[in-house]
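File shown: data-v3.cif. Contents: mmCIF, N, CA and C atoms.
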```cif
data_final
#
loop_
_atom_site.label_atom_id
_atom_site.label_comp_id
_atom_site.auth_asym_id
_atom_site.auth_seq_id
_atom_site.Cartn_x
_atom_site.Cartn_y
_atom_site.Cartn_z
N MET A 702 141.89 151.20 121.89
CA MET A 702 141.59 149.98 122.56
C MET A 702 140.18 149.99 123.17
N ASP A 703 139.69 151.14 123.46
CA ASP A 703 138.34 151.23 124.00
C ASP A 703 137.30 150.76 122.99
N ALA A 704 137.53 151.01 121.72
CA ALA A 704 136.57 150.61 120.68
C ALA A 704 136.52 149.08 120.57
N ALA A 705 137.66 148.43 120.78
CA ALA A 705 137.70 146.97 120.67
C ALA A 705 136.94 146.33 121.83
N THR A 706 136.98 146.88 122.98
CA THR A 706 136.28 146.29 124.11
C THR A 706 134.78 146.53 124.03
N GLU A 707 134.36 147.60 123.35
CA GLU A 707 132.94 147.87 123.22
C GLU A 707 132.27 146.92 122.21
N THR A 708 132.99 146.45 121.19
CA THR A 708 132.40 145.59 120.18
C THR A 708 132.56 144.10 120.49
N ALA A 709 133.32 143.76 121.48
CA ALA A 709 133.51 142.36 121.85
C ALA A 709 132.21 141.81 122.43
N PRO A 710 131.90 140.53 122.14
CA PRO A 710 130.68 139.96 122.70
C PRO A 710 130.75 139.89 124.22
N ARG A 711 129.66 140.20 124.81
CA ARG A 711 129.60 140.18 126.28
C ARG A 711 129.27 138.77 126.74
N PRO A 712 129.84 138.35 127.81
CA PRO A 712 129.52 137.00 128.32
C PRO A 712 128.06 136.95 128.78
N ARG A 713 127.45 135.78 128.56
CA ARG A 713 126.04 135.60 128.98
C ARG A 713 125.98 135.45 130.48
N THR A 714 125.03 136.15 131.03
CA THR A 714 124.86 136.06 132.47
C THR A 714 123.70 135.14 132.83
N GLN A 715 122.74 134.89 131.88
CA GLN A 715 121.59 134.05 132.14
C GLN A 715 121.55 132.93 131.11
N ALA A 716 121.02 131.80 131.52
CA ALA A 716 120.82 130.70 130.57
C ALA A 716 119.61 131.03 129.69
N ARG A 717 119.65 130.54 128.45
CA ARG A 717 118.53 130.80 127.55
C ARG A 717 117.29 130.07 128.05
N LYS A 718 116.18 130.77 128.00
CA LYS A 718 114.92 130.19 128.44
C LYS A 718 114.06 129.88 127.22
N GLY A 719 113.15 128.94 127.37
CA GLY A 719 112.21 128.64 126.30
C GLY A 719 112.54 127.39 125.51
N ARG A 720 113.63 126.73 125.78
CA ARG A 720 113.98 125.52 125.03
C ARG A 720 112.97 124.40 125.29
N GLY A 721 112.55 124.23 126.52
CA GLY A 721 111.58 123.19 126.85
C GLY A 721 110.24 123.43 126.17
N PHE A 722 109.83 124.68 126.11
CA PHE A 722 108.57 125.01 125.46
C PHE A 722 108.66 124.73 123.96
N PHE A 723 109.79 125.10 123.35
CA PHE A 723 109.97 124.86 121.92
C PHE A 723 109.97 123.36 121.62
N LEU A 724 110.64 122.57 122.42
CA LEU A 724 110.64 121.12 122.21
C LEU A 724 109.23 120.54 122.39
N THR A 725 108.49 121.05 123.34
CA THR A 725 107.12 120.60 123.54
C THR A 725 106.26 120.92 122.32
N LEU A 726 106.43 122.09 121.75
CA LEU A 726 105.69 122.45 120.54
C LEU A 726 106.04 121.54 119.37
N ILE A 727 107.32 121.24 119.20
CA ILE A 727 107.75 120.36 118.11
C ILE A 727 107.18 118.96 118.30
N ILE A 728 107.26 118.41 119.50
CA ILE A 728 106.75 117.07 119.77
C ILE A 728 105.23 117.04 119.61
N GLY A 729 104.54 118.06 120.12
CA GLY A 729 103.09 118.13 119.96
C GLY A 729 102.68 118.21 118.50
N SER A 730 103.39 118.98 117.72
CA SER A 730 103.09 119.08 116.29
C SER A 730 103.32 117.73 115.61
N GLY A 731 104.36 117.03 115.99
CA GLY A 731 104.63 115.71 115.41
C GLY A 731 103.52 114.72 115.73
N VAL A 732 103.01 114.76 116.95
CA VAL A 732 101.92 113.87 117.34
C VAL A 732 100.66 114.18 116.53
N VAL A 733 100.35 115.44 116.35
CA VAL A 733 99.18 115.83 115.57
C VAL A 733 99.33 115.38 114.12
N ILE A 734 100.52 115.55 113.55
CA ILE A 734 100.76 115.13 112.16
C ILE A 734 100.61 113.62 112.03
N LEU A 735 101.14 112.87 112.99
CA LEU A 735 100.99 111.41 112.94
C LEU A 735 99.52 110.99 113.07
N ALA A 736 98.78 111.64 113.94
CA ALA A 736 97.36 111.31 114.12
C ALA A 736 96.57 111.62 112.85
N LEU A 737 96.84 112.75 112.22
CA LEU A 737 96.14 113.09 110.98
C LEU A 737 96.51 112.14 109.85
N THR A 738 97.77 111.71 109.81
CA THR A 738 98.18 110.73 108.81
C THR A 738 97.47 109.41 109.03
N PHE A 739 97.36 108.98 110.29
CA PHE A 739 96.63 107.75 110.62
C PHE A 739 95.18 107.85 110.16
N LEU A 740 94.52 108.97 110.47
CA LEU A 740 93.13 109.12 110.08
C LEU A 740 92.96 109.21 108.57
N PHE A 741 93.94 109.80 107.89
CA PHE A 741 93.84 109.92 106.43
C PHE A 741 93.88 108.54 105.78
N PHE A 742 94.80 107.69 106.23
CA PHE A 742 94.96 106.39 105.58
C PHE A 742 94.06 105.31 106.16
N LEU A 743 93.73 105.38 107.44
CA LEU A 743 92.94 104.33 108.08
C LEU A 743 91.66 104.85 108.71
N GLY A 744 91.21 106.01 108.33
CA GLY A 744 90.04 106.62 108.95
C GLY A 744 88.76 105.82 108.76
N LYS A 745 88.56 105.31 107.55
CA LYS A 745 87.35 104.54 107.27
C LYS A 745 87.34 103.24 108.07
N ASP A 746 88.48 102.56 108.14
CA ASP A 746 88.56 101.33 108.91
C ASP A 746 88.33 101.60 110.40
N PHE A 747 88.88 102.70 110.90
CA PHE A 747 88.69 103.08 112.30
C PHE A 747 87.23 103.39 112.57
N PHE A 748 86.58 104.11 111.65
CA PHE A 748 85.16 104.44 111.78
C PHE A 748 84.31 103.17 111.83
N ILE A 749 84.58 102.25 110.90
CA ILE A 749 83.80 101.00 110.84
C ILE A 749 84.03 100.17 112.09
N PHE A 750 85.26 100.09 112.55
CA PHE A 750 85.57 99.32 113.76
C PHE A 750 84.81 99.88 114.96
N THR A 751 84.83 101.19 115.15
CA THR A 751 84.15 101.77 116.31
C THR A 751 82.64 101.59 116.22
N TRP A 752 82.06 101.71 115.03
CA TRP A 752 80.62 101.51 114.90
C TRP A 752 80.25 100.06 115.17
N GLN A 753 81.06 99.13 114.68
CA GLN A 753 80.74 97.72 114.91
C GLN A 753 80.86 97.36 116.39
N LYS A 754 81.94 97.75 117.02
CA LYS A 754 82.20 97.32 118.39
C LYS A 754 81.38 98.06 119.44
N PHE A 755 81.16 99.33 119.24
CA PHE A 755 80.53 100.11 120.30
C PHE A 755 79.07 100.45 120.01
N VAL A 756 78.75 100.78 118.79
CA VAL A 756 77.37 101.19 118.50
C VAL A 756 76.49 99.97 118.27
N ILE A 757 76.89 99.09 117.36
CA ILE A 757 76.03 97.94 117.04
C ILE A 757 76.06 96.91 118.17
N GLU A 758 77.25 96.50 118.58
CA GLU A 758 77.37 95.43 119.58
C GLU A 758 76.83 95.83 120.95
N LYS A 759 76.96 97.07 121.31
CA LYS A 759 76.57 97.47 122.66
C LYS A 759 75.29 98.30 122.68
N ALA A 760 75.31 99.47 122.08
CA ALA A 760 74.17 100.39 122.23
C ALA A 760 72.92 99.92 121.50
N LEU A 761 73.07 99.52 120.24
CA LEU A 761 71.90 99.16 119.46
C LEU A 761 71.24 97.89 119.98
N VAL A 762 72.03 96.88 120.29
CA VAL A 762 71.48 95.62 120.77
C VAL A 762 70.77 95.81 122.10
N ARG A 763 71.31 96.65 122.97
CA ARG A 763 70.68 96.90 124.28
C ARG A 763 69.40 97.71 124.16
N ALA A 764 69.30 98.51 123.09
CA ALA A 764 68.13 99.39 122.95
C ALA A 764 66.97 98.72 122.22
N LEU A 765 67.16 97.50 121.74
CA LEU A 765 66.08 96.82 121.03
C LEU A 765 64.91 96.54 121.98
N PRO A 766 63.71 96.43 121.44
CA PRO A 766 62.56 96.21 122.31
C PRO A 766 62.65 94.87 123.03
N PRO A 767 62.10 94.78 124.22
CA PRO A 767 62.20 93.53 125.00
C PRO A 767 61.44 92.37 124.38
N ASP A 768 60.47 92.64 123.52
CA ASP A 768 59.73 91.54 122.89
C ASP A 768 60.48 90.93 121.70
N TYR A 769 61.63 91.47 121.38
CA TYR A 769 62.45 90.89 120.32
C TYR A 769 63.05 89.57 120.80
N THR A 770 62.93 88.53 120.00
CA THR A 770 63.51 87.24 120.38
C THR A 770 65.01 87.27 120.15
N LEU A 771 65.70 86.32 120.74
CA LEU A 771 67.14 86.24 120.59
C LEU A 771 67.53 86.04 119.13
N GLU A 772 66.74 85.26 118.40
CA GLU A 772 67.03 85.03 116.98
C GLU A 772 66.88 86.31 116.17
N GLU A 773 65.87 87.12 116.48
CA GLU A 773 65.67 88.38 115.77
C GLU A 773 66.80 89.36 116.07
N VAL A 774 67.23 89.41 117.31
CA VAL A 774 68.34 90.28 117.69
C VAL A 774 69.60 89.85 116.94
N GLU A 775 69.86 88.57 116.92
CA GLU A 775 71.06 88.05 116.26
C GLU A 775 70.99 88.28 114.75
N ARG A 776 69.81 88.15 114.15
CA ARG A 776 69.67 88.39 112.72
C ARG A 776 69.97 89.85 112.39
N LEU A 777 69.45 90.78 113.18
CA LEU A 777 69.71 92.20 112.96
C LEU A 777 71.18 92.53 113.18
N ARG A 778 71.74 92.01 114.26
CA ARG A 778 73.15 92.27 114.57
C ARG A 778 74.07 91.77 113.47
N LEU A 779 73.84 90.54 113.02
CA LEU A 779 74.69 89.97 111.96
C LEU A 779 74.51 90.70 110.63
N ALA A 780 73.29 91.13 110.33
CA ALA A 780 73.06 91.87 109.09
C ALA A 780 73.80 93.20 109.12
N LEU A 781 73.76 93.90 110.26
CA LEU A 781 74.46 95.18 110.36
C LEU A 781 75.98 95.00 110.32
N LEU A 782 76.47 93.98 111.02
CA LEU A 782 77.91 93.72 110.99
C LEU A 782 78.38 93.37 109.58
N ALA A 783 77.59 92.56 108.86
CA ALA A 783 77.93 92.21 107.48
C ALA A 783 77.90 93.44 106.58
N PHE A 784 76.96 94.34 106.83
CA PHE A 784 76.86 95.57 106.04
C PHE A 784 78.13 96.41 106.21
N TYR A 785 78.58 96.58 107.45
CA TYR A 785 79.79 97.37 107.69
C TYR A 785 81.04 96.64 107.21
N ASP A 786 81.07 95.31 107.31
CA ASP A 786 82.20 94.56 106.74
C ASP A 786 82.26 94.73 105.23
N ALA A 787 81.10 94.74 104.57
CA ALA A 787 81.07 94.98 103.13
C ALA A 787 81.54 96.40 102.80
N GLY A 788 81.25 97.34 103.68
CA GLY A 788 81.76 98.70 103.50
C GLY A 788 83.27 98.75 103.60
N LYS A 789 83.83 97.94 104.48
CA LYS A 789 85.29 97.88 104.61
C LYS A 789 85.92 97.31 103.34
N ARG A 790 85.21 96.37 102.69
CA ARG A 790 85.71 95.76 101.46
C ARG A 790 85.32 96.57 100.21
N HIS A 791 84.73 97.73 100.40
CA HIS A 791 84.30 98.63 99.32
C HIS A 791 83.19 98.03 98.46
N GLU A 792 82.38 97.15 99.04
CA GLU A 792 81.23 96.60 98.33
C GLU A 792 79.98 97.44 98.57
N VAL A 793 80.05 98.33 99.54
CA VAL A 793 78.96 99.25 99.87
C VAL A 793 79.52 100.66 99.72
N SER A 794 78.72 101.55 99.15
CA SER A 794 79.20 102.91 98.92
C SER A 794 79.37 103.66 100.25
N ASP A 795 80.23 104.66 100.21
CA ASP A 795 80.43 105.49 101.40
C ASP A 795 79.15 106.23 101.77
N GLU A 796 78.36 106.59 100.78
CA GLU A 796 77.10 107.28 101.05
C GLU A 796 76.13 106.37 101.80
N ALA A 797 76.11 105.09 101.42
CA ALA A 797 75.23 104.14 102.12
C ALA A 797 75.71 103.93 103.56
N LEU A 798 77.03 103.85 103.76
CA LEU A 798 77.57 103.73 105.13
C LEU A 798 77.19 104.94 105.96
N TYR A 799 77.36 106.12 105.37
CA TYR A 799 77.02 107.35 106.09
C TYR A 799 75.52 107.41 106.39
N GLY A 800 74.70 107.02 105.40
CA GLY A 800 73.26 107.02 105.62
C GLY A 800 72.84 106.07 106.72
N MET A 801 73.44 104.87 106.72
CA MET A 801 73.13 103.89 107.78
C MET A 801 73.56 104.43 109.14
N SER A 802 74.74 105.01 109.21
CA SER A 802 75.23 105.54 110.49
C SER A 802 74.37 106.68 111.00
N GLN A 803 73.94 107.55 110.11
CA GLN A 803 73.07 108.64 110.52
C GLN A 803 71.71 108.12 110.97
N GLY A 804 71.20 107.10 110.27
CA GLY A 804 69.93 106.50 110.67
C GLY A 804 70.01 105.87 112.05
N ILE A 805 71.10 105.14 112.30
CA ILE A 805 71.27 104.52 113.63
C ILE A 805 71.40 105.60 114.69
N LYS A 806 72.12 106.67 114.38
CA LYS A 806 72.28 107.76 115.35
C LYS A 806 70.93 108.39 115.69
N GLN A 807 70.09 108.60 114.69
CA GLN A 807 68.77 109.18 114.94
C GLN A 807 67.88 108.22 115.72
N ILE A 808 67.97 106.93 115.40
CA ILE A 808 67.16 105.93 116.11
C ILE A 808 67.57 105.86 117.57
N LEU A 809 68.87 105.94 117.84
CA LEU A 809 69.36 105.82 119.22
C LEU A 809 69.27 107.13 120.01
N ALA A 810 68.77 108.18 119.38
CA ALA A 810 68.69 109.47 120.08
C ALA A 810 67.81 109.37 121.32
N ASP A 811 66.74 108.57 121.26
CA ASP A 811 65.87 108.42 122.43
C ASP A 811 66.22 107.16 123.24
N GLU A 812 67.33 106.50 122.89
CA GLU A 812 67.88 105.35 123.63
C GLU A 812 66.95 104.13 123.63
N ARG A 813 66.08 104.04 122.63
CA ARG A 813 65.28 102.84 122.48
C ARG A 813 64.97 102.66 121.00
N VAL A 814 64.81 101.43 120.60
CA VAL A 814 64.56 101.10 119.20
C VAL A 814 63.21 100.40 119.13
N THR A 815 62.34 100.89 118.27
CA THR A 815 61.05 100.24 118.08
C THR A 815 61.19 99.12 117.05
N ARG A 816 60.19 98.29 117.00
CA ARG A 816 60.21 97.19 116.02
C ARG A 816 60.24 97.74 114.59
N GLN A 817 59.50 98.82 114.33
CA GLN A 817 59.47 99.41 113.00
C GLN A 817 60.85 99.97 112.61
N GLU A 818 61.55 100.58 113.57
CA GLU A 818 62.88 101.12 113.28
C GLU A 818 63.87 100.00 112.98
N ALA A 819 63.77 98.90 113.73
CA ALA A 819 64.65 97.76 113.48
C ALA A 819 64.39 97.15 112.11
N GLU A 820 63.13 97.05 111.74
CA GLU A 820 62.80 96.52 110.41
C GLU A 820 63.25 97.47 109.31
N ALA A 821 63.21 98.77 109.58
CA ALA A 821 63.70 99.76 108.60
C ALA A 821 65.21 99.61 108.40
N LEU A 822 65.92 99.32 109.48
CA LEU A 822 67.37 99.09 109.35
C LEU A 822 67.64 97.86 108.48
N LEU A 823 66.90 96.78 108.72
CA LEU A 823 67.07 95.58 107.90
C LEU A 823 66.72 95.85 106.44
N ALA A 824 65.68 96.63 106.20
CA ALA A 824 65.31 96.96 104.82
C ALA A 824 66.41 97.78 104.15
N PHE A 825 67.00 98.69 104.89
CA PHE A 825 68.10 99.50 104.33
C PHE A 825 69.30 98.61 103.99
N VAL A 826 69.60 97.65 104.86
CA VAL A 826 70.71 96.73 104.60
C VAL A 826 70.43 95.93 103.34
N HIS A 827 69.21 95.42 103.18
CA HIS A 827 68.89 94.61 102.02
C HIS A 827 68.84 95.45 100.73
N GLU A 828 68.48 96.71 100.87
CA GLU A 828 68.42 97.59 99.69
C GLU A 828 69.79 98.06 99.24
N HIS A 829 70.64 98.46 100.20
CA HIS A 829 71.92 99.09 99.86
C HIS A 829 73.14 98.19 100.08
N GLY A 830 72.93 97.05 100.73
CA GLY A 830 74.06 96.18 101.05
C GLY A 830 74.52 95.37 99.86
N PRO A 831 75.52 94.55 100.07
CA PRO A 831 76.00 93.68 99.00
C PRO A 831 74.92 92.66 98.64
N LYS A 832 75.01 92.11 97.46
CA LYS A 832 73.94 91.23 96.97
C LYS A 832 73.84 89.92 97.73
N GLY A 833 74.90 89.46 98.38
CA GLY A 833 74.84 88.21 99.14
C GLY A 833 74.57 88.42 100.61
N ALA A 834 73.95 89.54 100.99
CA ALA A 834 73.72 89.85 102.42
C ALA A 834 72.67 88.91 102.99
N PRO A 835 72.77 88.58 104.29
CA PRO A 835 71.78 87.69 104.94
C PRO A 835 70.43 88.36 105.10
#
```
As structure tokens, what does this structure read like?
Amino acid sequence: MDAATETAPRPRTQARKGRGFFLTLIIGSGVVILALTFLFFLGKDFFIFTWQKFVIEKALVRALPPDYTLEEVERLRLALLAFYDAGKRHEVSDEALYGMSQGIKQILADERVTRQEAEALLAFVHEHGPKGAP
């Protein structure tokens, strides 16, 4: 009978620890997978949206030279927005979108845009943009 009592399972004296941590890891992994799936399928649209709303509408327009007239600012803004909209419709290559974005990033590095840089952006839009661009 002593052998039977030695092999019987012993009652647990402590509750199992680590369940909360394991659930947190599972939930965190699920969130990361969902975020990566979102970026995989909608990454280009998200990129274009953020560049249009935050870089072009806010940073670039504010950094233009003060001697730029309202019509010139609006012409540049609309041309850039149309360029990125054409990229969303796959009328502009991804390389051209990347090149434009890198050019804008370099221009905004010193937080001001010269007249020559603004004209270079317009020239890039007319060269690489869709054929019906303004």
### Selection: 12 Å around range 728-745 of chain A, only C-alpha atoms, excl. self and same-chain fewer than 6 positions, as number ranges by chain
A: 721-722, 751-752, 785-786, 788-791, 794-795, 798-799
### Message
Could you check the closest approach to Glu818 in chain A for each of A:Arg711, A:Lys806, A:Lys754, A:Lys759 and tell me which residue wins, using only C-alpha atoms?
### Response
A:Lys806
### Query
From the set A:Leu809, A:Ala797, A:Val814, A:Tyr769, which residue has the shortest atom-to-atom contact distance to Val756 in chain A, counting only C-alpha atoms?
A:Leu809
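Distances here use only N, CA and C atoms; by that measure, the residue among A:Leu777, A:Gln807, A:Pro767, A:Pro710 closest to Leu822 in chain A is A:Leu777.
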### Message
If the PyMOL selection byres ((chain A and resi 765) around 8) were run on this exact file, what residues would it hold? Put them as a list in words.
### Response
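With the shown file as input, the PyMOL selection byres ((chain A and resi 765) around 8) matches Ala760, Leu761, Val762, Arg763, Ala764, Pro766, Pro767, Asp768, Tyr769, Val774, Glu812, Arg813, Val814, Thr815, Arg816 and Ala819 of chain A.
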